[in-house]
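Next comes upload.cif, with mmCIF, C-alpha atoms.
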```
data_query
#
loop_
_atom_site.label_atom_id
_atom_site.label_comp_id
_atom_site.auth_asym_id
_atom_site.auth_seq_id
_atom_site.Cartn_x
_atom_site.Cartn_y
_atom_site.Cartn_z
CA MET D 1025 -54.81 52.87 -10.44
CA PRO D 1026 -51.50 51.16 -11.22
CA LEU D 1027 -51.47 47.41 -11.32
CA ASP D 1028 -49.37 45.51 -8.85
CA PRO D 1029 -46.28 44.08 -10.51
CA ALA D 1030 -46.48 40.40 -11.33
CA PRO D 1031 -44.82 38.25 -8.67
CA VAL D 1032 -41.34 37.11 -9.64
CA PRO D 1033 -40.99 33.34 -9.36
CA PRO D 1034 -38.18 32.25 -7.07
CA SER D 1035 -35.06 31.49 -9.03
CA ALA D 1036 -33.44 28.09 -8.83
CA PRO D 1037 -30.27 28.05 -6.76
CA SER D 1038 -27.24 28.59 -8.94
CA PRO D 1039 -24.91 25.63 -9.20
CA PRO D 1040 -21.64 25.89 -7.31
CA GLN D 1041 -18.65 27.29 -9.13
CA VAL D 1042 -16.22 24.89 -10.71
CA ARG D 1043 -12.92 25.07 -8.84
CA PHE D 1044 -9.70 24.14 -10.60
CA TRP D 1045 -7.55 21.84 -8.47
CA PRO D 1046 -3.97 21.50 -9.77
CA VAL D 1047 -3.04 18.88 -7.11
CA ASP D 1048 0.42 20.29 -6.44
CA ASP D 1049 3.21 18.52 -4.59
CA LEU D 1050 3.03 19.28 -0.88
CA PRO D 1051 5.77 19.46 1.76
CA ALA D 1052 6.27 16.35 3.89
CA LEU D 1053 2.98 15.42 5.62
CA ASP D 1054 1.25 18.79 5.24
CA PRO D 1055 -2.49 18.44 4.52
CA ASP D 1056 -3.70 19.81 1.20
CA PRO D 1057 -4.90 23.42 1.74
CA PHE D 1058 -7.39 23.03 -1.12
CA LEU D 1059 -9.11 20.15 0.70
CA ASP D 1060 -9.08 22.09 3.96
CA GLU D 1061 -10.77 25.04 2.25
CA VAL D 1062 -13.41 22.95 0.48
CA LEU D 1063 -14.22 20.92 3.60
CA ARG D 1064 -14.74 24.14 5.52
CA GLU D 1065 -16.58 26.22 2.89
CA GLU D 1066 -18.33 23.88 0.45
CA PRO D 1067 -17.95 20.20 1.37
CA VAL D 1068 -19.66 18.98 -1.83
CA THR D 1069 -18.36 21.08 -4.70
CA ARG D 1070 -17.55 20.91 -8.38
CA ILE D 1071 -13.94 20.60 -9.49
CA ARG D 1072 -11.84 20.38 -12.61
CA LEU D 1073 -8.56 18.47 -12.53
CA PRO D 1074 -5.55 18.91 -14.85
CA TYR D 1075 -6.52 16.21 -17.39
CA GLY D 1076 -9.64 14.87 -19.06
CA GLU D 1077 -12.95 16.46 -19.93
CA GLY D 1078 -15.68 18.25 -18.01
CA HIS D 1079 -15.97 18.62 -14.27
CA ALA D 1080 -16.67 16.36 -11.29
CA TRP D 1081 -18.19 16.59 -7.86
CA LEU D 1082 -15.76 16.40 -4.95
CA VAL D 1083 -17.11 15.03 -1.66
CA THR D 1084 -15.03 15.80 1.44
CA ARG D 1085 -17.11 15.28 4.60
CA TYR D 1086 -16.80 12.00 6.50
CA GLU D 1087 -20.52 11.13 6.58
CA ASP D 1088 -21.09 12.14 2.95
CA ILE D 1089 -18.23 9.92 1.80
CA ARG D 1090 -19.56 6.98 3.77
CA PHE D 1091 -22.90 7.54 2.05
CA VAL D 1092 -21.49 7.74 -1.49
CA THR D 1093 -19.15 4.78 -1.11
CA SER D 1094 -21.88 2.47 0.18
CA ASP D 1095 -24.74 3.54 -2.14
CA PRO D 1096 -25.20 1.37 -5.27
CA ARG D 1097 -26.39 4.43 -7.22
CA PHE D 1098 -22.73 5.38 -7.60
CA SER D 1099 -20.88 3.09 -10.00
CA ARG D 1100 -17.20 2.52 -10.65
CA GLU D 1101 -17.91 0.29 -13.64
CA GLN D 1102 -19.52 3.19 -15.50
CA VAL D 1103 -16.19 5.07 -15.41
CA VAL D 1104 -14.53 2.58 -17.79
CA GLY D 1105 -13.97 4.11 -21.22
CA ARG D 1106 -15.09 7.62 -20.21
CA ASP D 1107 -12.79 10.62 -20.52
CA VAL D 1108 -13.42 12.16 -17.09
CA THR D 1109 -11.53 15.02 -15.48
CA SER D 1110 -8.61 13.44 -13.65
CA MET D 1111 -5.19 13.96 -12.08
CA ARG D 1112 -3.33 11.96 -14.70
CA PRO D 1113 -3.59 11.39 -18.45
CA GLU D 1114 -3.96 7.65 -17.69
CA PRO D 1115 -6.28 5.99 -15.11
CA VAL D 1116 -4.77 5.72 -11.62
CA ALA D 1117 -5.29 1.94 -11.70
CA SER D 1118 -5.82 -0.66 -14.40
CA GLN D 1119 -9.39 -0.66 -15.64
CA THR D 1120 -9.12 -4.33 -16.64
CA ALA D 1121 -7.35 -5.87 -13.62
CA GLY D 1122 -8.50 -6.60 -10.11
CA LEU D 1123 -11.52 -5.25 -8.26
CA GLN D 1124 -11.15 -1.52 -8.75
CA TYR D 1125 -13.49 -0.81 -11.68
CA ILE D 1126 -16.27 -3.36 -11.25
CA ASP D 1127 -19.62 -3.29 -9.47
CA PRO D 1128 -21.73 -5.99 -7.85
CA PRO D 1129 -22.54 -8.76 -8.53
CA ARG D 1130 -19.22 -9.51 -10.29
CA HIS D 1131 -17.36 -7.49 -7.66
CA ASN D 1132 -18.92 -9.54 -4.87
CA ARG D 1133 -17.93 -12.81 -6.58
CA LEU D 1134 -14.27 -11.85 -7.02
CA ARG D 1135 -14.01 -10.18 -3.61
CA ARG D 1136 -15.31 -13.29 -1.84
CA VAL D 1137 -12.50 -15.31 -3.40
CA VAL D 1138 -9.70 -12.89 -2.50
CA ALA D 1139 -11.09 -12.42 1.03
CA ARG D 1140 -10.25 -16.06 1.79
CA ALA D 1141 -6.56 -15.11 1.72
CA PHE D 1142 -6.98 -12.09 4.05
CA THR D 1143 -8.15 -13.89 7.19
CA GLY D 1144 -6.98 -13.75 10.76
CA ARG D 1145 -5.54 -17.23 10.33
CA SER D 1146 -3.54 -16.24 7.24
CA MET D 1147 -2.17 -13.18 9.04
CA GLN D 1148 -1.09 -15.41 11.94
CA ARG D 1149 0.81 -17.49 9.37
CA LEU D 1150 2.28 -14.42 7.68
CA ARG D 1151 3.26 -12.34 10.70
CA PRO D 1152 6.26 -14.46 11.84
CA LEU D 1153 7.55 -14.38 8.26
CA ALA D 1154 7.14 -10.57 8.18
CA GLU D 1155 8.97 -10.25 11.51
CA ARG D 1156 11.79 -12.39 10.14
CA ARG D 1157 12.05 -10.27 6.98
CA ALA D 1158 12.15 -7.05 9.01
CA ALA D 1159 14.84 -8.45 11.32
CA GLU D 1160 16.99 -9.54 8.36
CA LEU D 1161 16.69 -6.12 6.73
CA LEU D 1162 17.56 -4.31 9.96
CA ASP D 1163 20.56 -6.64 10.40
CA GLY D 1164 21.79 -5.32 7.07
CA MET D 1165 21.18 -1.71 8.09
CA GLU D 1166 23.06 -2.23 11.35
CA ARG D 1167 26.01 -3.73 9.48
CA ALA D 1168 26.03 -0.77 7.07
CA GLY D 1169 26.22 1.59 10.04
CA ALA D 1170 24.80 5.00 10.81
CA PRO D 1171 23.66 7.16 9.19
CA ALA D 1172 21.46 4.95 7.03
CA ASP D 1173 18.45 5.39 4.77
CA LEU D 1174 15.40 3.62 6.23
CA MET D 1175 13.63 3.70 2.86
CA GLU D 1176 16.52 1.86 1.20
CA HIS D 1177 17.14 -0.65 3.96
CA LEU D 1178 13.63 -1.32 5.28
CA HIS D 1179 10.55 0.42 3.90
CA GLY D 1180 11.41 -0.31 0.26
CA PRO D 1181 12.33 -4.01 0.34
CA PHE D 1182 10.10 -5.07 3.26
CA PRO D 1183 6.66 -4.89 1.59
CA ILE D 1184 7.97 -6.61 -1.55
CA ALA D 1185 9.29 -9.44 0.62
CA VAL D 1186 5.99 -9.75 2.51
CA ILE D 1187 3.99 -9.78 -0.74
CA ARG D 1188 6.17 -12.62 -2.06
CA ASP D 1189 5.51 -14.60 1.13
CA PHE D 1190 1.79 -13.81 0.88
CA LEU D 1191 1.63 -14.92 -2.74
CA GLY D 1192 3.53 -18.08 -1.90
CA VAL D 1193 6.76 -17.57 -3.83
CA GLU D 1194 9.48 -20.06 -2.79
CA GLU D 1195 12.65 -18.46 -1.43
CA LYS D 1196 14.73 -20.22 -4.10
CA ASP D 1197 12.70 -18.27 -6.70
CA TRP D 1198 12.96 -14.89 -4.98
CA HIS D 1199 15.81 -13.69 -7.18
CA ARG D 1200 13.59 -14.14 -10.26
CA TRP D 1201 10.77 -12.13 -8.69
CA ALA D 1202 12.84 -9.39 -7.06
CA GLU D 1203 13.67 -7.36 -10.16
CA THR D 1204 10.17 -7.76 -11.63
CA GLY D 1205 8.47 -6.73 -8.39
CA GLU D 1206 10.53 -3.57 -8.06
CA ALA D 1207 10.08 -2.74 -11.76
CA LEU D 1208 6.30 -3.07 -11.41
CA LEU D 1209 6.30 -0.46 -8.66
CA SER D 1210 8.26 1.99 -10.81
CA ALA D 1211 6.63 1.14 -14.15
CA GLY D 1212 4.83 4.47 -14.25
CA ALA D 1213 8.16 6.23 -14.67
CA GLU D 1214 9.28 3.87 -17.43
CA SER D 1215 8.48 3.93 -21.12
CA LYS D 1216 5.24 2.28 -22.22
CA GLU D 1217 7.26 -0.45 -23.95
CA ARG D 1218 9.27 -1.18 -20.80
CA ALA D 1219 6.13 -1.16 -18.63
CA ALA D 1220 4.42 -3.58 -21.03
CA GLN D 1221 7.41 -5.94 -20.95
CA VAL D 1222 7.49 -5.89 -17.14
CA ALA D 1223 3.75 -6.63 -17.05
CA ARG D 1224 4.16 -9.58 -19.46
CA THR D 1225 7.02 -11.04 -17.42
CA ASN D 1226 5.08 -10.66 -14.19
CA ARG D 1227 1.96 -12.22 -15.72
CA ALA D 1228 3.97 -15.25 -16.84
CA ARG D 1229 5.48 -15.65 -13.35
CA ILE D 1230 2.06 -15.51 -11.67
CA ALA D 1231 0.59 -17.99 -14.19
CA GLU D 1232 3.46 -20.37 -13.44
CA LEU D 1233 2.93 -20.00 -9.68
CA LEU D 1234 -0.78 -20.74 -10.06
CA ARG D 1235 0.02 -23.91 -12.03
CA HIS D 1236 2.30 -25.06 -9.19
CA ARG D 1237 -0.44 -24.37 -6.64
CA ARG D 1238 -2.89 -26.58 -8.51
CA ALA D 1239 -0.42 -29.42 -8.05
CA GLU D 1240 0.66 -28.42 -4.52
CA PRO D 1241 -2.26 -26.68 -2.73
CA ARG D 1242 -1.37 -24.26 0.09
CA GLU D 1243 -3.12 -21.54 2.10
CA ASP D 1244 -1.28 -18.62 0.45
CA LEU D 1245 -2.90 -16.25 -2.07
CA ALA D 1246 -1.75 -18.31 -5.05
CA GLY D 1247 -3.32 -21.39 -3.45
CA VAL D 1248 -6.63 -19.61 -2.84
CA LEU D 1249 -6.78 -18.31 -6.42
CA ALA D 1250 -5.75 -21.63 -7.97
CA GLN D 1251 -8.43 -23.46 -6.01
CA ALA D 1252 -11.06 -20.92 -7.09
CA VAL D 1253 -10.08 -21.37 -10.77
CA THR D 1254 -10.30 -25.17 -10.42
CA ALA D 1255 -13.75 -24.81 -8.82
CA GLY D 1256 -14.93 -22.60 -11.69
CA GLU D 1257 -15.51 -19.56 -9.44
CA ILE D 1258 -13.11 -17.33 -11.40
CA THR D 1259 -11.20 -17.53 -14.67
CA ASP D 1260 -7.43 -17.80 -15.16
CA ASP D 1261 -7.35 -14.18 -16.36
CA GLU D 1262 -9.26 -13.01 -13.29
CA ALA D 1263 -6.89 -14.92 -10.98
CA ILE D 1264 -3.81 -13.37 -12.60
CA SER D 1265 -5.35 -9.89 -12.52
CA LEU D 1266 -6.27 -10.21 -8.85
CA ALA D 1267 -2.79 -11.42 -7.88
CA THR D 1268 -1.19 -8.59 -9.87
CA ALA D 1269 -3.41 -5.96 -8.25
CA VAL D 1270 -2.51 -7.20 -4.75
CA GLN D 1271 1.18 -7.32 -5.67
CA VAL D 1272 1.34 -3.76 -7.02
CA SER D 1273 -0.89 -2.02 -4.49
CA GLY D 1274 0.54 -3.90 -1.52
CA GLY D 1275 4.13 -3.08 -2.40
CA HIS D 1276 3.73 0.56 -3.38
CA ALA D 1277 1.22 1.67 -0.75
CA VAL D 1278 2.92 -0.02 2.22
CA ARG D 1279 6.33 1.35 1.23
CA ASN D 1280 5.11 4.93 1.27
CA ASN D 1281 2.63 4.70 4.13
CA SER D 1282 5.04 2.98 6.50
CA GLY D 1283 7.75 5.49 5.57
CA SER D 1284 5.38 8.38 6.28
CA MET D 1285 4.40 6.83 9.61
CA MET D 1286 8.02 6.55 10.66
CA TYR D 1287 8.66 10.15 9.60
CA ALA D 1288 5.64 11.23 11.67
CA LEU D 1289 7.04 9.44 14.72
CA LEU D 1290 10.56 10.78 14.21
CA THR D 1291 9.16 14.33 14.08
CA HIS D 1292 6.98 13.73 17.17
CA PRO D 1293 9.61 12.58 19.69
CA GLY D 1294 7.12 12.59 22.56
CA HIS D 1295 4.95 10.06 20.73
CA LEU D 1296 8.01 7.99 19.83
CA ASN D 1297 9.15 7.89 23.46
CA ARG D 1298 5.67 6.90 24.60
CA LEU D 1299 5.66 3.93 22.20
CA ARG D 1300 9.02 2.83 23.60
CA ARG D 1301 7.57 2.96 27.13
CA GLU D 1302 4.18 1.45 26.18
CA PRO D 1303 4.71 -1.06 23.36
CA GLU D 1304 1.21 -2.43 23.97
CA LEU D 1305 -0.08 0.88 22.57
CA LEU D 1306 1.28 0.05 19.10
CA PRO D 1307 -1.95 -1.24 17.42
CA ARG D 1308 -3.86 1.85 18.56
CA ALA D 1309 -1.00 4.13 17.50
CA VAL D 1310 -0.87 2.52 14.06
CA ASP D 1311 -4.59 3.16 13.54
CA GLU D 1312 -4.15 6.83 14.47
CA LEU D 1313 -1.15 7.07 12.14
CA PHE D 1314 -3.26 5.73 9.28
CA ARG D 1315 -5.77 8.50 9.97
CA TYR D 1316 -3.15 11.22 10.44
CA VAL D 1317 -0.84 10.50 7.49
CA PRO D 1318 -2.08 11.99 4.18
CA HIS D 1319 -1.46 8.79 2.25
CA ARG D 1320 -2.13 10.12 -1.23
CA ASN D 1321 -2.12 13.20 -3.42
CA GLY D 1322 -5.48 14.35 -4.68
CA VAL D 1323 -8.13 11.69 -5.21
CA GLY D 1324 -8.30 8.17 -6.55
CA ILE D 1325 -10.90 6.33 -8.62
CA PRO D 1326 -14.12 8.24 -9.30
CA ARG D 1327 -17.69 6.98 -9.47
CA ILE D 1328 -20.58 7.82 -11.81
CA ALA D 1329 -24.07 8.57 -10.50
CA VAL D 1330 -26.49 6.21 -12.26
CA GLU D 1331 -29.51 8.27 -11.17
CA ASP D 1332 -30.15 11.64 -9.52
CA VAL D 1333 -28.94 11.62 -5.88
CA THR D 1334 -28.70 14.38 -3.27
CA VAL D 1335 -25.44 14.39 -1.32
CA GLY D 1336 -24.77 16.91 1.43
CA GLY D 1337 -27.54 19.17 0.11
CA GLN D 1338 -26.27 19.13 -3.49
CA LEU D 1339 -28.18 17.42 -6.30
CA ILE D 1340 -25.89 15.17 -8.31
CA ARG D 1341 -27.43 14.29 -11.66
CA ALA D 1342 -27.34 10.88 -13.33
CA GLY D 1343 -24.16 10.55 -15.39
CA GLU D 1344 -22.12 13.02 -13.34
CA VAL D 1345 -18.69 12.14 -11.95
CA VAL D 1346 -18.04 11.97 -8.20
CA TYR D 1347 -14.70 11.84 -6.37
CA ASN D 1348 -14.33 11.03 -2.67
CA ALA D 1349 -11.50 12.70 -0.71
CA TYR D 1350 -10.71 10.18 2.02
CA VAL D 1351 -7.78 12.22 3.33
CA ALA D 1352 -10.15 15.16 3.86
CA ALA D 1353 -12.67 12.96 5.67
CA ASN D 1354 -9.92 11.80 8.02
CA ARG D 1355 -9.46 15.46 9.06
CA ASP D 1356 -13.19 16.24 9.39
CA PRO D 1357 -13.44 18.16 12.70
CA GLU D 1358 -17.05 17.05 13.19
CA VAL D 1359 -15.78 13.47 13.55
CA PHE D 1360 -12.18 13.91 14.72
CA PRO D 1361 -11.77 16.80 17.18
CA ASP D 1362 -8.49 18.66 16.74
CA PRO D 1363 -7.95 16.67 13.53
CA ASP D 1364 -4.45 17.98 12.76
CA ALA D 1365 -3.08 16.58 16.04
CA LEU D 1366 -1.50 13.14 16.26
CA ASP D 1367 -3.35 11.68 19.24
CA PHE D 1368 -2.83 8.07 20.33
CA ASP D 1369 -5.68 8.45 22.86
CA ARG D 1370 -8.26 9.48 20.28
CA GLU D 1371 -11.66 7.94 21.01
CA ASN D 1372 -12.90 7.54 17.43
CA ARG D 1373 -10.63 5.23 15.43
CA ALA D 1374 -13.01 4.60 12.52
CA HIS D 1375 -10.94 6.41 9.89
CA LEU D 1376 -11.38 6.06 6.13
CA ALA D 1377 -7.76 5.44 5.13
CA PHE D 1378 -8.84 2.09 3.67
CA GLY D 1379 -12.02 3.41 2.08
CA HIS D 1380 -15.54 2.30 2.94
CA GLY D 1381 -18.32 0.15 1.55
CA PRO D 1382 -17.94 -2.63 -1.04
CA HIS D 1383 -14.56 -1.30 -2.17
CA HIS D 1384 -13.10 -1.10 1.35
CA CYS D 1385 -9.50 -2.29 1.03
CA LEU D 1386 -9.33 -6.05 1.52
CA ALA D 1387 -5.64 -5.79 2.46
CA ALA D 1388 -6.32 -3.51 5.45
CA VAL D 1389 -5.65 -6.34 7.90
CA MET D 1390 -2.28 -7.01 6.26
CA ALA D 1391 -1.34 -3.33 6.01
CA ARG D 1392 -1.99 -2.90 9.75
CA MET D 1393 0.10 -5.97 10.54
CA GLU D 1394 2.99 -4.75 8.37
CA ALA D 1395 2.95 -1.28 9.99
CA GLU D 1396 3.00 -2.82 13.47
CA VAL D 1397 5.88 -5.14 12.52
CA VAL D 1398 7.97 -2.38 10.94
CA ILE D 1399 7.54 0.18 13.72
CA GLY D 1400 7.92 -2.41 16.47
CA ALA D 1401 11.07 -3.86 14.91
CA VAL D 1402 12.72 -0.44 14.50
CA LEU D 1403 11.97 0.71 18.05
CA THR D 1404 13.16 -2.58 19.54
CA ARG D 1405 16.39 -2.75 17.53
CA PHE D 1406 17.25 0.96 17.61
CA PRO D 1407 15.73 2.55 20.74
CA GLY D 1408 17.76 5.73 20.14
CA ILE D 1409 16.76 6.17 16.50
CA ARG D 1410 16.37 9.73 15.25
CA LEU D 1411 16.55 11.69 12.03
CA ALA D 1412 20.08 12.24 10.74
CA VAL D 1413 19.06 15.51 9.05
CA PRO D 1414 16.66 18.35 9.94
CA PRO D 1415 13.03 17.35 9.16
CA GLN D 1416 12.73 19.90 6.34
CA GLU D 1417 15.65 18.23 4.54
CA VAL D 1418 13.90 14.86 4.22
CA GLU D 1419 13.05 14.45 0.54
CA PHE D 1420 9.52 13.31 -0.31
CA GLN D 1421 8.08 11.80 -3.50
CA ARG D 1422 7.16 14.27 -6.24
CA GLN D 1423 4.35 14.01 -8.80
CA GLY D 1424 3.22 10.70 -7.35
CA LEU D 1425 -0.20 9.38 -6.47
CA ILE D 1426 0.96 8.00 -3.14
CA ARG D 1427 2.80 10.36 -0.79
CA GLY D 1428 5.85 9.25 1.15
CA PRO D 1429 9.54 9.89 1.74
CA ARG D 1430 12.00 9.19 -1.07
CA THR D 1431 14.77 8.89 1.52
CA LEU D 1432 14.64 8.78 5.30
CA PRO D 1433 18.15 9.31 6.76
CA VAL D 1434 18.43 8.13 10.36
CA THR D 1435 21.05 7.56 13.00
CA TRP D 1436 20.93 5.77 16.36
#
```

Starting from the file, give its structure as structure tokens.
Amino acid sequence: MPLDPAPVPPSAPSPPQVRFWPVDDLPALDPDPFLDEVLREEPVTRIRLPYGEGHAWLVTRYEDIRFVTSDPRFSREQVVGRDVTSMRPEPVASQTAGLQYIDPPRHNRLRRVVARAFTGRSMQRLRPLAERRAAELLDGMERAGAPADLMEHLHGPFPIAVIRDFLGVEEKDWHRWAETGEALLSAGAESKERAAQVARTNRARIAELLRHRRAEPREDLAGVLAQAVTAGEITDDEAISLATAVQVSGGHAVRNNSGSMMYALLTHPGHLNRLRREPELLPRAVDELFRYVPHRNGVGIPRIAVEDVTVGGQLIRAGEVVYNAYVAANRDPEVFPDPDALDFDRENRAHLAFGHGPHHCLAAVMARMEAEVVIGAVLTRFPGIRLAVPPQEVEFQRQGLIRGPRTLPVTW
């Protein structure tokens, strides 16, 4: 009598394939088809990017990203010094400056200090200055006449001006900061030697400003940081690094995001007309624009799992790299019905354009204010504004981390 064959033990599930993601340039505000595919087919998957070693996990669903970004078992600090698969040969942000690559408790200590500058009261102080800067820039555009480039006249210089006001730079010193501020934003395209020189000059300017604020305390960012150094809460180096991080990210991100928002409105004339008729809708519209606009290419700063964690049904082992795709989460149909539509009446406004958890962007309150000021100023001054070229002829940034128009030709 033949023996029954021995039972075959169940095999362990095979790990997901590693997908190569080249992170190509995309037209205008088109969502990344790779992220759309992954979100639909395998929302937690393994990827390999063009540079670095090994592979990483890519998390795309809204709830999974909220989980990863708020769970202390995923560390940014552990990334420092590791050669992880990435979009660029260099880290997307300085690993020694600011808040980007540190974990609690040091992160909490530094964040508490910077948060004192990003209050409702400070934004009330800053908003009239921002409105004045926008008006002055639009005066210049009106004098230049139509057609004009909104990026050149408004979206480029405006955030640099607001950052200078936020830092506390005196207007008589603006000419000394103007060239350095613009060079910082384009340093990635410069030689390493030029970028290092710009960084040294900027560091010296910030150190000088902090010395002035010790003698003349104010409520601007320099005043907050100088007071924290005097109180022994942070070091001089930490204060300079924090100011530099705010300066660079605030200028570059707002320039591109606000330009993309204006392009979105100019290519959705019904929405633009509604904002003209209902200016009180502007804060809600700005929030939806932050969700709708794909503000970056690819992904940003990764995290390292410090122990085994299951995310979205996938086991992520200790030591493995994890990226969060916020732009994918903002198009998650389980959270945002009809996610590819620009909808000012959308019920859920809790997007992830500013991240989530301990590293949620501190400057979100200022970025919202700047977007409201820019859009409101343009619609008030130029109620008939429209693109001066067909939408497909608007040139967008190439090979950049932050997406946005290079030029935005308009007439009125």

Note to self: Let me make sure I understand: among D:Arg1188, D:Arg1136, D:Arg1410, D:His1384, which one has the smallest atom-to-atom distance to D:Gln1124 if we use all atoms listed in the file?
What the structure shows: D:His1384

Notebook entry, point to check: Where does the PyMOL selection byres ((chain D and resi 1253-1255) around 12) land in this file, that is, which residues does it pick, as number ranges by chain?
Noted result: D: 1134, 1137-1138, 1231, 1234-1235, 1237-1239, 1241, 1246-1252, 1256-1264, 1266

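Within a radius of 7 Å around (9.3, -13.0, -13.3), the polymer residues are Arg1200, Trp1201, Thr1204, Thr1225, Asn1226, Ala1228 and Arg1229 of chain D, counting only C-alpha atoms.
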
Could you write those residues out with C-alpha atoms, as a PDB file, keeping the file's coordinate frame?
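Contents of out_9.pdb, freshly written:
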```
ATOM      1  CA  ARG D1200      13.590 -14.140 -10.260  1.00  0.00           C
ATOM      2  CA  TRP D1201      10.770 -12.130  -8.690  1.00  0.00           C
ATOM      3  CA  THR D1204      10.170  -7.760 -11.630  1.00  0.00           C
ATOM      4  CA  THR D1225       7.020 -11.040 -17.420  1.00  0.00           C
ATOM      5  CA  ASN D1226       5.080 -10.660 -14.190  1.00  0.00           C
ATOM      6  CA  ALA D1228       3.970 -15.250 -16.840  1.00  0.00           C
ATOM      7  CA  ARG D1229       5.480 -15.650 -13.350  1.00  0.00           C
TER       8      ARG D1229
END
```

Notebook entry, point to check: What do you get, as an NGL selection string, if you spell out every residue that the PyMOL selection byres ((chain D and resi 1057) around 12) selects here?
Noted result: :D and (1045-1051 or 1053-1056 or 1058-1064 or 1321-1322 or 1351-1352 or 1355)

Notebook entry, point to check: Which is closest to D:Val1335 among D:Arg1157, D:His1079, D:Arg1090, D:Arg1218, if we use all atoms listed in the file?
Noted result: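 Ranked by minimum distance to D:Val1335, first place goes to D:Arg1090.
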
As a compact mmCIF listing (two decimals), in the coordinates of the input, could you write out stretch 1404-1415 of chain D once it has been completed with N, CA, C and O atoms?
```txt
# COMPACT_ATOMS: atom_id res chain seq x y z
N THR D 1404 12.48 -1.58 18.71
CA THR D 1404 13.16 -2.58 19.54
C THR D 1404 14.65 -2.64 19.22
O THR D 1404 15.49 -2.69 20.12
N ARG D 1405 14.99 -2.62 17.93
CA ARG D 1405 16.39 -2.75 17.53
C ARG D 1405 17.18 -1.46 17.77
O ARG D 1405 18.34 -1.50 18.16
N PHE D 1406 16.55 -0.33 17.52
CA PHE D 1406 17.25 0.96 17.61
C PHE D 1406 16.47 1.92 18.52
O PHE D 1406 15.82 2.85 18.05
N PRO D 1407 16.52 1.70 19.84
CA PRO D 1407 15.73 2.55 20.74
C PRO D 1407 16.12 4.02 20.69
O PRO D 1407 15.32 4.89 21.04
N GLY D 1408 17.33 4.33 20.22
CA GLY D 1408 17.76 5.73 20.14
C GLY D 1408 17.63 6.32 18.75
O GLY D 1408 18.24 7.36 18.47
N ILE D 1409 16.84 5.71 17.89
CA ILE D 1409 16.76 6.17 16.50
C ILE D 1409 16.23 7.59 16.41
O ILE D 1409 15.34 8.00 17.17
N ARG D 1410 16.79 8.34 15.48
CA ARG D 1410 16.37 9.73 15.25
C ARG D 1410 16.78 10.12 13.84
O ARG D 1410 17.61 9.46 13.21
N LEU D 1411 16.19 11.20 13.35
CA LEU D 1411 16.55 11.69 12.03
C LEU D 1411 18.02 12.13 12.01
O LEU D 1411 18.51 12.73 12.97
N ALA D 1412 18.68 11.85 10.90
CA ALA D 1412 20.08 12.24 10.74
C ALA D 1412 20.20 13.61 10.09
O ALA D 1412 21.32 14.14 9.97
N VAL D 1413 19.08 14.18 9.67
CA VAL D 1413 19.06 15.51 9.05
C VAL D 1413 17.88 16.27 9.63
O VAL D 1413 16.96 15.68 10.21
N PRO D 1414 17.85 17.60 9.50
CA PRO D 1414 16.66 18.35 9.94
C PRO D 1414 15.42 17.86 9.18
O PRO D 1414 15.53 17.46 8.01
N PRO D 1415 14.24 17.87 9.81
CA PRO D 1415 13.03 17.35 9.16
C PRO D 1415 12.77 17.95 7.79
O PRO D 1415 12.34 17.24 6.86
```
